[in-house]
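*Asks:* This is the content of run10.pdb (PDB, C-alpha atoms):
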ATOM      1  CA  MET A  22     173.362  74.097 153.166
ATOM      2  CA  GLN A  23     170.551  76.655 153.246
ATOM      3  CA  ALA A  24     166.847  76.078 152.751
ATOM      4  CA  ILE A  25     163.627  78.068 152.924
ATOM      5  CA  GLN A  26     161.100  76.855 155.477
ATOM      6  CA  PHE A  27     157.496  77.843 156.144
ATOM      7  CA  THR A  28     157.676  77.665 159.936
ATOM      8  CA  ARG A  29     154.007  78.438 160.454
ATOM      9  CA  PRO A  30     151.374  80.455 158.553
ATOM     10  CA  GLU A  31     152.823  83.766 157.331
ATOM     11  CA  GLU A  32     156.275  83.018 158.744
ATOM     12  CA  ILE A  33     159.263  82.149 156.543
ATOM     13  CA  ARG A  34     162.775  81.407 157.730
ATOM     14  CA  LEU A  35     166.106  80.794 156.056
ATOM     15  CA  ILE A  36     167.456  77.679 157.796
ATOM     16  CA  ASP A  37     170.664  75.653 157.732
ATOM     17  CA  LEU A  38     170.564  71.945 156.918
ATOM     18  CA  PRO A  39     173.315  69.325 156.853
ATOM     19  CA  GLU A  40     174.565  68.263 153.451
ATOM     20  CA  PRO A  41     172.508  65.296 152.172
ATOM     21  CA  ALA A  42     173.932  61.781 152.326
ATOM     22  CA  ALA A  43     174.805  59.771 149.232
ATOM     23  CA  PRO A  44     171.749  58.446 147.387
ATOM     24  CA  GLY A  45     170.648  54.914 148.169
ATOM     25  CA  PRO A  46     169.211  52.314 145.768
ATOM     26  CA  GLY A  47     166.594  53.848 143.501
ATOM     27  CA  GLU A  48     167.431  57.364 144.666
ATOM     28  CA  ALA A  49     169.070  60.443 143.141
ATOM     29  CA  LEU A  50     170.825  63.452 144.589
ATOM     30  CA  VAL A  51     169.625  66.584 142.808
ATOM     31  CA  ARG A  52     170.363  70.297 142.866
ATOM     32  CA  THR A  53     167.511  72.777 142.582
ATOM     33  CA  HIS A  54     168.086  75.502 139.986
ATOM     34  CA  ARG A  55     164.551  76.900 139.595
ATOM     35  CA  MET A  56     161.284  76.695 141.506
ATOM     36  CA  GLY A  57     157.912  77.900 140.300
ATOM     37  CA  ILE A  58     155.675  79.364 142.984
ATOM     38  CA  CYS A  59     152.372  77.501 142.919
ATOM     39  CA  GLY A  60     148.986  78.407 144.318
ATOM     40  CA  THR A  61     149.570  75.591 146.791
ATOM     41  CA  ASP A  62     152.698  77.378 148.035
ATOM     42  CA  LEU A  63     150.794  80.644 148.426
ATOM     43  CA  SER A  64     147.948  78.929 150.265
ATOM     44  CA  GLY A  65     150.458  77.085 152.446
ATOM     45  CA  TYR A  66     152.112  80.353 153.377
ATOM     46  CA  LEU A  67     148.744  81.876 154.287
ATOM     47  CA  GLY A  68     147.661  78.824 156.280
ATOM     48  CA  LYS A  69     144.791  78.078 153.886
ATOM     49  CA  MET A  70     146.042  74.819 152.358
ATOM     50  CA  PRO A  71     144.284  71.892 154.089
ATOM     51  CA  PHE A  72     146.969  69.339 153.191
ATOM     52  CA  PHE A  73     149.901  71.478 154.329
ATOM     53  CA  SER A  74     151.685  70.885 157.652
ATOM     54  CA  TYR A  75     154.373  72.926 159.409
ATOM     55  CA  PRO A  76     157.272  73.337 159.436
ATOM     56  CA  ARG A  77     157.651  72.627 155.720
ATOM     57  CA  ILE A  78     160.193  73.276 152.966
ATOM     58  CA  PRO A  79     157.998  74.109 149.965
ATOM     59  CA  GLY A  80     158.698  73.567 146.301
ATOM     60  CA  HIS A  81     157.317  71.031 143.822
ATOM     61  CA  GLU A  82     157.505  72.901 140.489
ATOM     62  CA  LEU A  83     161.182  72.364 139.874
ATOM     63  CA  GLY A  84     164.007  72.495 137.366
ATOM     64  CA  LEU A  85     166.705  70.178 138.730
ATOM     65  CA  GLU A  86     170.188  68.875 137.948
ATOM     66  CA  VAL A  87     171.172  65.287 138.747
ATOM     67  CA  LEU A  88     174.330  65.249 140.900
ATOM     68  CA  ALA A  89     174.541  61.539 141.756
ATOM     69  CA  THR A  90     172.501  58.354 141.468
ATOM     70  CA  GLY A  91     172.220  55.271 143.633
ATOM     71  CA  GLU A  92     172.122  51.644 142.557
ATOM     72  CA  ASP A  93     169.405  50.377 140.206
ATOM     73  CA  VAL A  94     168.819  53.765 138.565
ATOM     74  CA  SER A  95     168.647  53.676 134.766
ATOM     75  CA  ASN A  96     166.167  56.388 133.712
ATOM     76  CA  ILE A  97     168.557  59.292 134.418
ATOM     77  CA  ALA A  98     172.295  59.978 134.525
ATOM     78  CA  VAL A  99     174.580  62.367 136.363
ATOM     79  CA  GLY A 100     174.451  65.786 134.715
ATOM     80  CA  ASP A 101     170.914  65.390 133.377
ATOM     81  CA  LYS A 102     168.518  68.326 133.558
ATOM     82  CA  VAL A 103     165.207  67.019 134.868
ATOM     83  CA  SER A 104     161.690  67.908 135.919
ATOM     84  CA  LEU A 105     160.205  66.430 139.072
ATOM     85  CA  GLU A 106     156.978  64.458 139.269
ATOM     86  CA  PRO A 107     156.346  65.282 142.938
ATOM     87  CA  TYR A 108     153.631  62.705 143.695
ATOM     88  CA  VAL A 109     155.342  59.940 145.648
ATOM     89  CA  ASN A 110     153.056  56.911 145.484
ATOM     90  CA  ASP A 111     153.137  53.324 146.693
ATOM     91  CA  PRO A 112     153.810  51.282 143.518
ATOM     92  CA  THR A 113     152.092  48.242 145.055
ATOM     93  CA  SER A 114     148.784  49.964 145.865
ATOM     94  CA  PRO A 115     145.696  48.922 143.849
ATOM     95  CA  ALA A 116     145.401  52.413 142.357
ATOM     96  CA  SER A 117     149.050  52.430 141.256
ATOM     97  CA  LEU A 118     148.769  48.927 139.805
ATOM     98  CA  LYS A 119     145.785  50.150 137.755
ATOM     99  CA  GLY A 120     147.948  52.941 136.344
ATOM    100  CA  SER A 121     146.532  55.677 138.581
ATOM    101  CA  SER A 122     149.615  56.552 140.601
ATOM    102  CA  ASN A 123     148.369  60.155 140.714
ATOM    103  CA  CYS A 124     145.630  59.218 143.197
ATOM    104  CA  CYS A 125     147.264  56.416 145.150
ATOM    105  CA  PRO A 126     145.582  56.519 148.609
ATOM    106  CA  GLY A 127     148.876  57.183 150.379
ATOM    107  CA  VAL A 128     150.386  59.564 147.850
ATOM    108  CA  GLN A 129     152.716  62.137 149.382
ATOM    109  CA  VAL A 130     153.319  65.349 147.439
ATOM    110  CA  LEU A 131     156.827  66.708 147.856
ATOM    111  CA  GLY A 132     156.672  70.295 149.058
ATOM    112  CA  VAL A 133     153.229  69.719 150.610
ATOM    113  CA  HIS A 134     153.129  66.504 152.656
ATOM    114  CA  GLN A 135     156.931  66.139 152.698
ATOM    115  CA  ASP A 136     159.744  68.664 152.349
ATOM    116  CA  GLY A 137     160.258  69.944 148.839
ATOM    117  CA  GLY A 138     162.873  71.586 146.696
ATOM    118  CA  LEU A 139     163.431  75.109 147.986
ATOM    119  CA  ARG A 140     166.984  74.163 149.025
ATOM    120  CA  ASP A 141     170.310  73.630 147.353
ATOM    121  CA  SER A 142     170.447  69.829 147.085
ATOM    122  CA  TRP A 143     168.365  66.895 148.307
ATOM    123  CA  ILE A 144     167.482  63.236 147.781
ATOM    124  CA  VAL A 145     164.482  62.184 145.660
ATOM    125  CA  PRO A 146     163.155  58.903 144.230
ATOM    126  CA  ALA A 147     164.865  58.599 140.846
ATOM    127  CA  ARG A 148     161.716  57.169 139.226
ATOM    128  CA  LYS A 149     160.078  60.560 139.757
ATOM    129  CA  LEU A 150     162.599  62.425 137.580
ATOM    130  CA  HIS A 151     161.958  63.131 133.910
ATOM    131  CA  PRO A 152     164.937  64.199 131.775
ATOM    132  CA  GLY A 153     164.746  67.183 129.461
ATOM    133  CA  ASN A 154     168.313  68.096 128.590
ATOM    134  CA  HIS A 155     167.185  70.169 125.607
ATOM    135  CA  LEU A 156     165.102  72.445 127.850
ATOM    136  CA  SER A 157     166.104  75.266 130.171
ATOM    137  CA  TYR A 158     165.662  75.032 133.935
ATOM    138  CA  ASP A 159     162.905  77.645 133.639
ATOM    139  CA  GLN A 160     161.022  75.391 131.233
ATOM    140  CA  LEU A 161     161.516  72.312 133.371
ATOM    141  CA  ALA A 162     160.133  74.155 136.401
ATOM    142  CA  LEU A 163     156.857  74.727 134.531
ATOM    143  CA  VAL A 164     156.292  71.125 133.456
ATOM    144  CA  GLU A 165     154.447  70.122 136.633
ATOM    145  CA  THR A 166     151.975  73.007 136.409
ATOM    146  CA  LEU A 167     151.336  72.133 132.778
ATOM    147  CA  ALA A 168     150.893  68.477 133.727
ATOM    148  CA  ILE A 169     147.991  69.358 136.046
ATOM    149  CA  GLY A 170     146.215  71.029 133.127
ATOM    150  CA  TYR A 171     147.128  68.261 130.696
ATOM    151  CA  HIS A 172     145.611  65.613 132.953
ATOM    152  CA  ALA A 173     142.415  67.648 133.387
ATOM    153  CA  VAL A 174     142.056  67.944 129.604
ATOM    154  CA  GLN A 175     142.570  64.201 129.234
ATOM    155  CA  ARG A 176     139.870  63.581 131.828
ATOM    156  CA  GLY A 177     137.416  65.735 129.863
ATOM    157  CA  ASN A 178     138.351  63.921 126.628
ATOM    158  CA  PRO A 179     137.257  66.672 124.227
ATOM    159  CA  GLN A 180     136.444  65.517 120.715
ATOM    160  CA  PRO A 181     137.076  67.419 117.448
ATOM    161  CA  GLY A 182     134.564  70.194 116.886
ATOM    162  CA  GLU A 183     133.362  70.351 120.475
ATOM    163  CA  THR A 184     133.156  73.469 122.628
ATOM    164  CA  VAL A 185     135.263  73.528 125.799
ATOM    165  CA  LEU A 186     134.757  76.120 128.524
ATOM    166  CA  VAL A 187     137.562  76.722 131.026
ATOM    167  CA  ILE A 188     136.404  78.587 134.126
ATOM    168  CA  GLY A 189     139.258  80.347 135.914
ATOM    169  CA  ALA A 190     142.294  81.737 134.081
ATOM    170  CA  GLY A 191     144.836  81.280 136.843
ATOM    171  CA  PRO A 192     147.898  79.064 136.282
ATOM    172  CA  ILE A 193     145.939  75.793 136.224
ATOM    173  CA  GLY A 194     143.297  77.162 133.874
ATOM    174  CA  LEU A 195     146.051  78.521 131.641
ATOM    175  CA  ALA A 196     147.712  75.106 131.673
ATOM    176  CA  CYS A 197     144.483  73.568 130.387
ATOM    177  CA  LEU A 198     144.243  76.209 127.662
ATOM    178  CA  GLU A 199     147.788  75.470 126.464
ATOM    179  CA  PHE A 200     146.708  71.990 125.387
ATOM    180  CA  LEU A 201     143.175  72.803 124.294
ATOM    181  CA  LYS A 202     144.451  75.400 121.823
ATOM    182  CA  LEU A 203     146.423  72.644 120.066
ATOM    183  CA  MET A 204     143.210  70.720 119.350
ATOM    184  CA  ASP A 205     140.375  71.171 116.848
ATOM    185  CA  LEU A 206     137.983  72.799 119.306
ATOM    186  CA  ARG A 207     136.087  75.973 120.074
ATOM    187  CA  VAL A 208     137.773  77.099 123.299
ATOM    188  CA  VAL A 209     136.124  79.606 125.637
ATOM    189  CA  VAL A 210     137.610  80.989 128.856
ATOM    190  CA  MET A 211     135.685  82.656 131.693
ATOM    191  CA  ASP A 212     137.192  84.713 134.501
ATOM    192  CA  MET A 213     136.275  87.529 136.876
ATOM    193  CA  VAL A 214     139.325  89.606 135.875
ATOM    194  CA  GLN A 215     139.405  91.247 132.450
ATOM    195  CA  GLY A 216     143.209  91.398 132.522
ATOM    196  CA  ARG A 217     143.378  87.611 132.643
ATOM    197  CA  LEU A 218     141.063  87.319 129.655
ATOM    198  CA  ASP A 219     143.262  89.812 127.805
ATOM    199  CA  PHE A 220     146.321  87.684 128.633
ATOM    200  CA  CYS A 221     144.574  84.600 127.231
ATOM    201  CA  ALA A 222     143.757  86.448 124.025
ATOM    202  CA  ASP A 223     147.121  88.163 123.558
ATOM    203  CA  LYS A 224     149.484  85.385 124.679
ATOM    204  CA  LEU A 225     147.564  82.163 124.051
ATOM    205  CA  GLY A 226     145.335  83.157 121.154
ATOM    206  CA  ILE A 227     142.100  82.326 123.013
ATOM    207  CA  LYS A 228     139.739  84.844 121.468
ATOM    208  CA  HIS A 229     136.503  83.766 123.134
ATOM    209  CA  GLY A 230     136.571  85.279 126.621
ATOM    210  CA  ILE A 231     133.622  85.804 128.971
ATOM    211  CA  LEU A 232     133.897  88.205 131.893
ATOM    212  CA  ALA A 233     132.177  86.694 134.935
ATOM    213  CA  ARG A 234     130.131  89.562 136.401
ATOM    214  CA  GLY A 235     127.834  87.428 138.539
ATOM    215  CA  ASP A 236     124.711  88.913 136.996
ATOM    216  CA  GLY A 237     123.653  86.051 134.727
ATOM    217  CA  SER A 238     125.088  87.625 131.582
ATOM    218  CA  GLU A 239     127.704  84.854 131.363
ATOM    219  CA  LEU A 240     125.159  82.235 130.295
ATOM    220  CA  ALA A 241     123.702  84.543 127.652
ATOM    221  CA  GLU A 242     127.174  85.205 126.229
ATOM    222  CA  LEU A 243     127.964  81.500 126.058
ATOM    223  CA  GLU A 244     124.623  80.815 124.370
ATOM    224  CA  ALA A 245     125.386  83.495 121.798
ATOM    225  CA  LEU A 246     128.842  82.026 121.130
ATOM    226  CA  THR A 247     127.563  78.475 120.714
ATOM    227  CA  GLY A 248     124.193  78.956 119.047
ATOM    228  CA  GLU A 249     122.566  78.051 122.380
ATOM    229  CA  GLN A 250     124.304  74.641 122.391
ATOM    230  CA  LEU A 251     126.516  75.536 125.399
ATOM    231  CA  ALA A 252     129.757  73.681 126.268
ATOM    232  CA  ASP A 253     130.422  70.011 125.650
ATOM    233  CA  VAL A 254     133.229  70.045 128.216
ATOM    234  CA  ILE A 255     133.599  72.350 131.215
ATOM    235  CA  ILE A 256     136.843  72.474 133.174
ATOM    236  CA  ASP A 257     136.416  74.341 136.448
ATOM    237  CA  ALA A 258     139.822  75.513 137.654
ATOM    238  CA  THR A 259     138.587  78.021 140.216
ATOM    239  CA  GLY A 260     138.579  76.090 143.472
ATOM    240  CA  SER A 261     135.475  78.157 144.275
ATOM    241  CA  ALA A 262     132.561  76.274 145.794
ATOM    242  CA  VAL A 263     130.175  78.796 144.237
ATOM    243  CA  SER A 264     131.552  78.288 140.740
ATOM    244  CA  MET A 265     131.804  74.519 141.127
ATOM    245  CA  SER A 266     128.157  74.354 142.247
ATOM    246  CA  THR A 267     126.775  76.522 139.437
ATOM    247  CA  CYS A 268     128.957  75.615 136.448
ATOM    248  CA  PHE A 269     126.527  72.859 135.328
ATOM    249  CA  GLN A 270     124.292  75.549 133.827
ATOM    250  CA  TYR A 271     126.898  76.034 131.098
ATOM    251  CA  ALA A 272     126.958  72.359 130.080
ATOM    252  CA  ALA A 273     125.427  71.019 126.901
ATOM    253  CA  PHE A 274     123.243  67.921 126.974
ATOM    254  CA  THR A 275     125.500  64.867 127.626
ATOM    255  CA  GLY A 276     128.310  67.270 128.571
ATOM    256  CA  ARG A 277     131.243  66.521 130.858
ATOM    257  CA  VAL A 278     132.251  68.633 133.833
ATOM    258  CA  VAL A 279     135.801  68.331 135.192
ATOM    259  CA  TYR A 280     136.796  69.647 138.618
ATOM    260  CA  VAL A 281     140.514  70.388 138.637
ATOM    261  CA  GLY A 282     140.306  73.126 141.276
ATOM    262  CA  ILE A 283     139.748  71.888 144.824
ATOM    263  CA  THR A 284     137.673  73.077 147.754
ATOM    264  CA  THR A 285     137.011  71.718 151.234
ATOM    265  CA  GLN A 286     133.476  73.118 151.205
ATOM    266  CA  GLU A 287     130.384  71.079 150.408
ATOM    267  CA  LEU A 288     128.998  71.443 146.890
ATOM    268  CA  LYS A 289     125.291  71.616 146.081
ATOM    269  CA  PHE A 290     123.667  71.676 142.658
ATOM    270  CA  PRO A 291     120.217  71.002 141.165
ATOM    271  CA  HIS A 292     119.958  67.352 140.177
ATOM    272  CA  ALA A 293     116.696  66.749 138.307
ATOM    273  CA  PRO A 294     116.319  69.959 136.256
ATOM    274  CA  VAL A 295     119.973  70.221 135.150
ATOM    275  CA  PHE A 296     122.325  67.344 135.997
ATOM    276  CA  HIS A 297     119.860  64.489 135.412
ATOM    277  CA  ARG A 298     117.889  66.086 132.573
ATOM    278  CA  ARG A 299     121.033  66.780 130.559
ATOM    279  CA  GLU A 300     122.623  63.431 131.508
ATOM    280  CA  LEU A 301     125.853  65.119 132.537
ATOM    281  CA  THR A 302     129.073  63.435 133.647
ATOM    282  CA  LEU A 303     131.079  64.798 136.580
ATOM    283  CA  LEU A 304     134.798  64.032 136.790
ATOM    284  CA  ALA A 305     137.559  64.845 139.241
ATOM    285  CA  SER A 306     141.129  65.495 138.102
ATOM    286  CA  ARG A 307     143.960  65.068 140.593
ATOM    287  CA  ASN A 308     147.691  65.582 140.013
ATOM    288  CA  ALA A 309     149.042  64.030 136.788
ATOM    289  CA  LEU A 310     150.424  60.769 135.429
ATOM    290  CA  PRO A 311     154.081  59.861 134.764
ATOM    291  CA  LYS A 312     153.554  59.729 130.999
ATOM    292  CA  ASP A 313     152.203  63.288 131.022
ATOM    293  CA  PHE A 314     155.621  64.667 131.951
ATOM    294  CA  GLY A 315     157.430  63.140 128.993
ATOM    295  CA  GLU A 316     154.732  64.265 126.564
ATOM    296  CA  ILE A 317     154.817  67.841 127.866
ATOM    297  CA  ILE A 318     158.620  67.986 127.752
ATOM    298  CA  GLY A 319     158.329  66.896 124.118
ATOM    299  CA  LEU A 320     155.746  69.577 123.275
ATOM    300  CA  ILE A 321     157.875  72.306 124.849
ATOM    301  CA  GLY A 322     160.920  71.061 122.947
ATOM    302  CA  GLU A 323     158.937  71.170 119.688
ATOM    303  CA  GLY A 324     158.006  74.798 120.349
ATOM    304  CA  LYS A 325     154.282  74.044 120.633
ATOM    305  CA  ILE A 326     154.187  75.521 124.121
ATOM    306  CA  ASP A 327     155.964  78.796 124.858
ATOM    307  CA  THR A 328     156.697  78.906 128.584
ATOM    308  CA  ASP A 329     158.323  82.350 128.381
ATOM    309  CA  THR A 330     154.893  83.992 128.312
ATOM    310  CA  TRP A 331     154.100  82.438 131.684
ATOM    311  CA  ILE A 332     156.991  83.923 133.657
ATOM    312  CA  THR A 333     155.958  87.392 134.801
ATOM    313  CA  HIS A 334     158.108  87.744 137.934
ATOM    314  CA  ARG A 335     161.369  86.452 139.394
ATOM    315  CA  LEU A 336     162.496  86.198 142.998
ATOM    316  CA  PRO A 337     166.077  85.454 144.090
ATOM    317  CA  PHE A 338     166.412  82.699 146.696
ATOM    318  CA  ALA A 339     167.872  85.056 149.304
ATOM    319  CA  GLU A 340     164.885  87.409 148.995
ATOM    320  CA  VAL A 341     162.195  84.753 149.540
ATOM    321  CA  PRO A 342     161.767  85.417 153.311
ATOM    322  CA  THR A 343     161.066  89.117 152.718
ATOM    323  CA  GLY A 344     159.624  89.087 149.200
ATOM    324  CA  PHE A 345     157.340  86.052 149.072
ATOM    325  CA  ALA A 346     154.311  87.627 150.773
ATOM    326  CA  ARG A 347     153.708  90.207 148.050
ATOM    327  CA  PHE A 348     152.803  87.468 145.578
ATOM    328  CA  THR A 349     149.757  86.542 147.652
ATOM    329  CA  ASP A 350     148.103  89.748 146.402
ATOM    330  CA  PRO A 351     146.164  88.960 143.178
ATOM    331  CA  LYS A 352     146.274  92.635 142.232
ATOM    332  CA  LEU A 353     149.965  92.176 141.414
ATOM    333  CA  GLY A 354     148.903  90.235 138.345
ATOM    334  CA  ALA A 355     151.565  87.541 138.643
ATOM    335  CA  ILE A 356     151.034  84.545 136.371
ATOM    336  CA  LYS A 357     154.105  82.555 137.360
ATOM    337  CA  VAL A 358     156.866  83.573 139.738
ATOM    338  CA  ILE A 359     160.198  81.783 139.381
ATOM    339  CA  VAL A 360     162.571  81.488 142.325
ATOM    340  CA  ASP A 361     166.171  81.440 141.081
ATOM    341  CA  LEU A 362     168.553  79.402 143.193
TER     342      LEU A 362
END
Could you show the structure in this file as C-alpha cells?
*Replies:*
Amino acid sequence: MQAIQFTRPEEIRLIDLPEPAAPGPGEALVRTHRMGICGTDLSGYLGKMPFFSYPRIPGHELGLEVLATGEDVSNIAVGDKVSLEPYVNDPTSPASLKGSSNCCPGVQVLGVHQDGGLRDSWIVPARKLHPGNHLSYDQLALVETLAIGYHAVQRGNPQPGETVLVIGAGPIGLACLEFLKLMDLRVVVMDMVQGRLDFCADKLGIKHGILARGDGSELAELEALTGEQLADVIIDATGSAVSMSTCFQYAAFTGRVVYVGITTQELKFPHAPVFHRRELTLLASRNALPKDFGEIIGLIGEGKIDTDTWITHRLPFAEVPTGFARFTDPKLGAIKVIVDL
C-alpha cells in the first residue's frame, strides 16, 4: 500500500506501507477517496507548523469509505461514505466530560500529531466518523474545514441585526462566512488581497468588503459602513500577530473578538483605552465539536452550502511529491486543493 509522507520540511516521499490489520473494538477500516489540502498541511510541508513532527503522513480533511468495522461500532456501517472528525480526544478527561472534546488537553489531531489519511486505507476510531451517504467524497472532504469556521461563529454568538467582521478571507475565514451569510446579520470581510474580496462577493454574496491597505483607511471604511458603530463580533482568521493585536480597534462597545487563526508570537494590545473602555470579550476557537459535523453535513445536503465554489484546483495522488510545493505560493490563488486518490 502506498502513502505520502512529509519526511522533513520541504521533502515529500511516496512510501510503501503494509496493509492495515483488521479493525479492533471501536475501530473502523477506511479508504481515503479525497483529501483537502489545509493550511496546516502547507505549513507542515514548509516546516512552519509548530505542532507538526516528522516523518508524518498528512491529511485530516477527508472523504472516506468504510471498509470494515470492529466490535461495538454502531454509528456507521460497511459501505458508508463518511467525513472524519480528526481530533482524537480522551473521553474521560475533564474537558471531554464537559462537552469540550475539541480542546481536551491530550487531543491528537490526525495528520498533524499522528499519521493522517494521505494513503489508501487505514484504521481510525469509529466514533470520529460522521456518515453522509447523500454527499460526494469532495463534499465530505470539506466538512472539517467548514467545521472550524462553524465553531468560531458559535463562539462569537452573533445575534440578529448585529455586524460581524471577518478578518482574513482564506479557507477558514471563508468557512466562517458560509455560516454567517445564512443569518440575519450585516457581514463584512477584510483582506489584503482584492481578489479574495471579489471571490467573497461573487461566490458567497458578501458585498461588504474592505481592502486592508495598512494605512488606517480600514477603520474609516468600517465606520462608514456601520454608522460609526463598528463590529459587534470580530472573527480574526489571519493567524497574524499584527492583525490579532490591532483588531480590537474595529470592535463596538461590548463587542466580542474571536481568535480562530493561531500564532506562536506574543500578542500586545492597549488595555485601558480600548479593551477595558469598550468592555470587550476575547474568545479563542479551537477545532470543532462532534455535533458540528452532523449539522454541516445536513446543511450541505440541503443545498445551503455550495462546496463546488471552494474547489479551485485538483492534484492526483501520484503527483503530490512533485506538485504539492506550488500550492504554497499564495499568488496561485488556490482556495481549496483536492487530492484525488
*Asks:* Could you spell out the hits of the PyMOL selection byres ((chain A and resi 274) around 10) on the shown file, as a list of chain:residue names?
*Replies:* A:Gln250, A:Leu251, A:Ala252, A:Asp253, A:Tyr271, A:Ala272, A:Ala273, A:Thr275, A:Gly276, A:Arg277, A:Val295, A:Phe296, A:His297, A:Arg298, A:Arg299, A:Glu300, A:Leu301, A:Thr302
*Asks:* Just want the 12 Å neighbourhood of range 238-248 of chain A, counted on all atoms listed in the file, with same-chain residues fewer than 4 positions away dropped. Output as a VMD selection string.
*Replies:* chain A and resid 182 to 188 206 to 213 228 to 234 252 to 253 255 267 to 273
*Asks:* Where does range 236-273 of chain A meet range 47-68 of chain A within 12 Å, residue by residue, with the nearest atom pair and distance in Å to one decimal for each, counting all atoms listed in the file, listed by chain and rising number, as CSV?
*Replies:*
residue,atom,partner,partner_atom,distance
A:Ala258,CA,A:Gly60,CA,11.7
A:Thr259,CA,A:Gly60,CA,11.2
A:Gly260,CA,A:Gly60,CA,10.7
*Asks:* List, as a list in words, every residue that the PyMOL selection byres ((chain A and resi 176) around 9) selects in the file provided.
*Replies:*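 Output from the PyMOL selection byres ((chain A and resi 176) around 9), applied to this file: Tyr171, His172, Ala173, Val174, Gln175, Gly177, Asn178, Pro179, Val279, Leu304, Ala305 and Ser306 of chain A.
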*Asks:* Rank A:Phe345, A:Pro311, A:Glu86, A:Gly324 by their smallest atom-to-atom distance to Ser121 in chain A, using all atoms listed in the file, and report the top residue only.
*Replies:*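 Smallest separation from Ser121 in chain A among the options: A:Pro311.
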*Asks:* To one decimal place, how far is CA of Ile326 in chain A from CA of Gly344 in chain A in Å?
*Replies:*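 Atom-to-atom, CA of Ile326 in chain A to CA of Gly344 in chain A, that is 29.0 Å.
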*Asks:* List, as a list of chain:residue names, every residue that the PyMOL selection byres ((chain A and resi 163) around 9) selects in the file provided.
*Replies:* A:Met56, A:Gly57, A:Glu82, A:Leu83, A:Gly84, A:Ser104, A:Tyr158, A:Asp159, A:Gln160, A:Leu161, A:Ala162, A:Val164, A:Glu165, A:Thr166, A:Leu167, A:Ala168, A:Thr328, A:Trp331, A:Lys357
*Asks:* Do you have the CA of Arg140 in chain A-CA of Met22 in chain A distance handy?
*Replies:*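 Going from CA of Arg140 in chain A over to CA of Met22 in chain A, I get 7.6 Å.
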*Asks:* From the set A:Ala293, A:Ile356, A:Val130, A:Leu156, which residue has the shortest atom-to-atom contact distance to Leu320 in chain A, counting all atoms listed in the file?
*Replies:*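 Residue with the minimum atom-to-atom distance to Leu320 in chain A: A:Leu156.
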*Asks:* Rounded to one decimal place, report the CA of Cys124 in chain A-CA of Pro79 in chain A distance in Å.
*Replies:* 20.5 Å
*Asks:* Looking at A:Gly138, A:Pro112, A:Pro107, A:Gly132, which one is nearest to Gln23 in chain A, with distances taken over all atoms listed in the file?
*Replies:*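 Of all the options, A:Gly138 lies closest to Gln23 in chain A.
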*Asks:* So which one's closest to Gly282 in chain A, A:Leu201, A:Val128, A:Ala262, A:Leu362? Using only C-alpha atoms, please.
*Replies:* A:Ala262
*Asks:* Which residue is closest to Gly137 in chain A? Choose from A:Pro337, A:Gly319, A:Pro76, A:Gly235 and count all atoms listed in the file.
*Replies:*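 Closest to Gly137 in chain A of all the choices is A:Pro76.
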*Asks:* Please write out, as lines of an AutoDock Vina configuration file, where the centre of an axis-aligned box around all listed atoms of range 176-183 of chain A lies and how long its edges are, in Å to one decimal, after adding 3 Å on each side.
*Replies:*
center_x = 136.6
center_y = 67.0
center_z = 124.4
size_x = 12.5
size_y = 12.8
size_z = 20.9
*Asks:* Go through A:Ile169, A:Leu88, A:Ala116, A:Ile321 one by one, measure the shortest atom-to-atom distance of each to Val145 in chain A using all atoms listed in the file, and give the residue with the smallest value.
*Replies:* A:Leu88
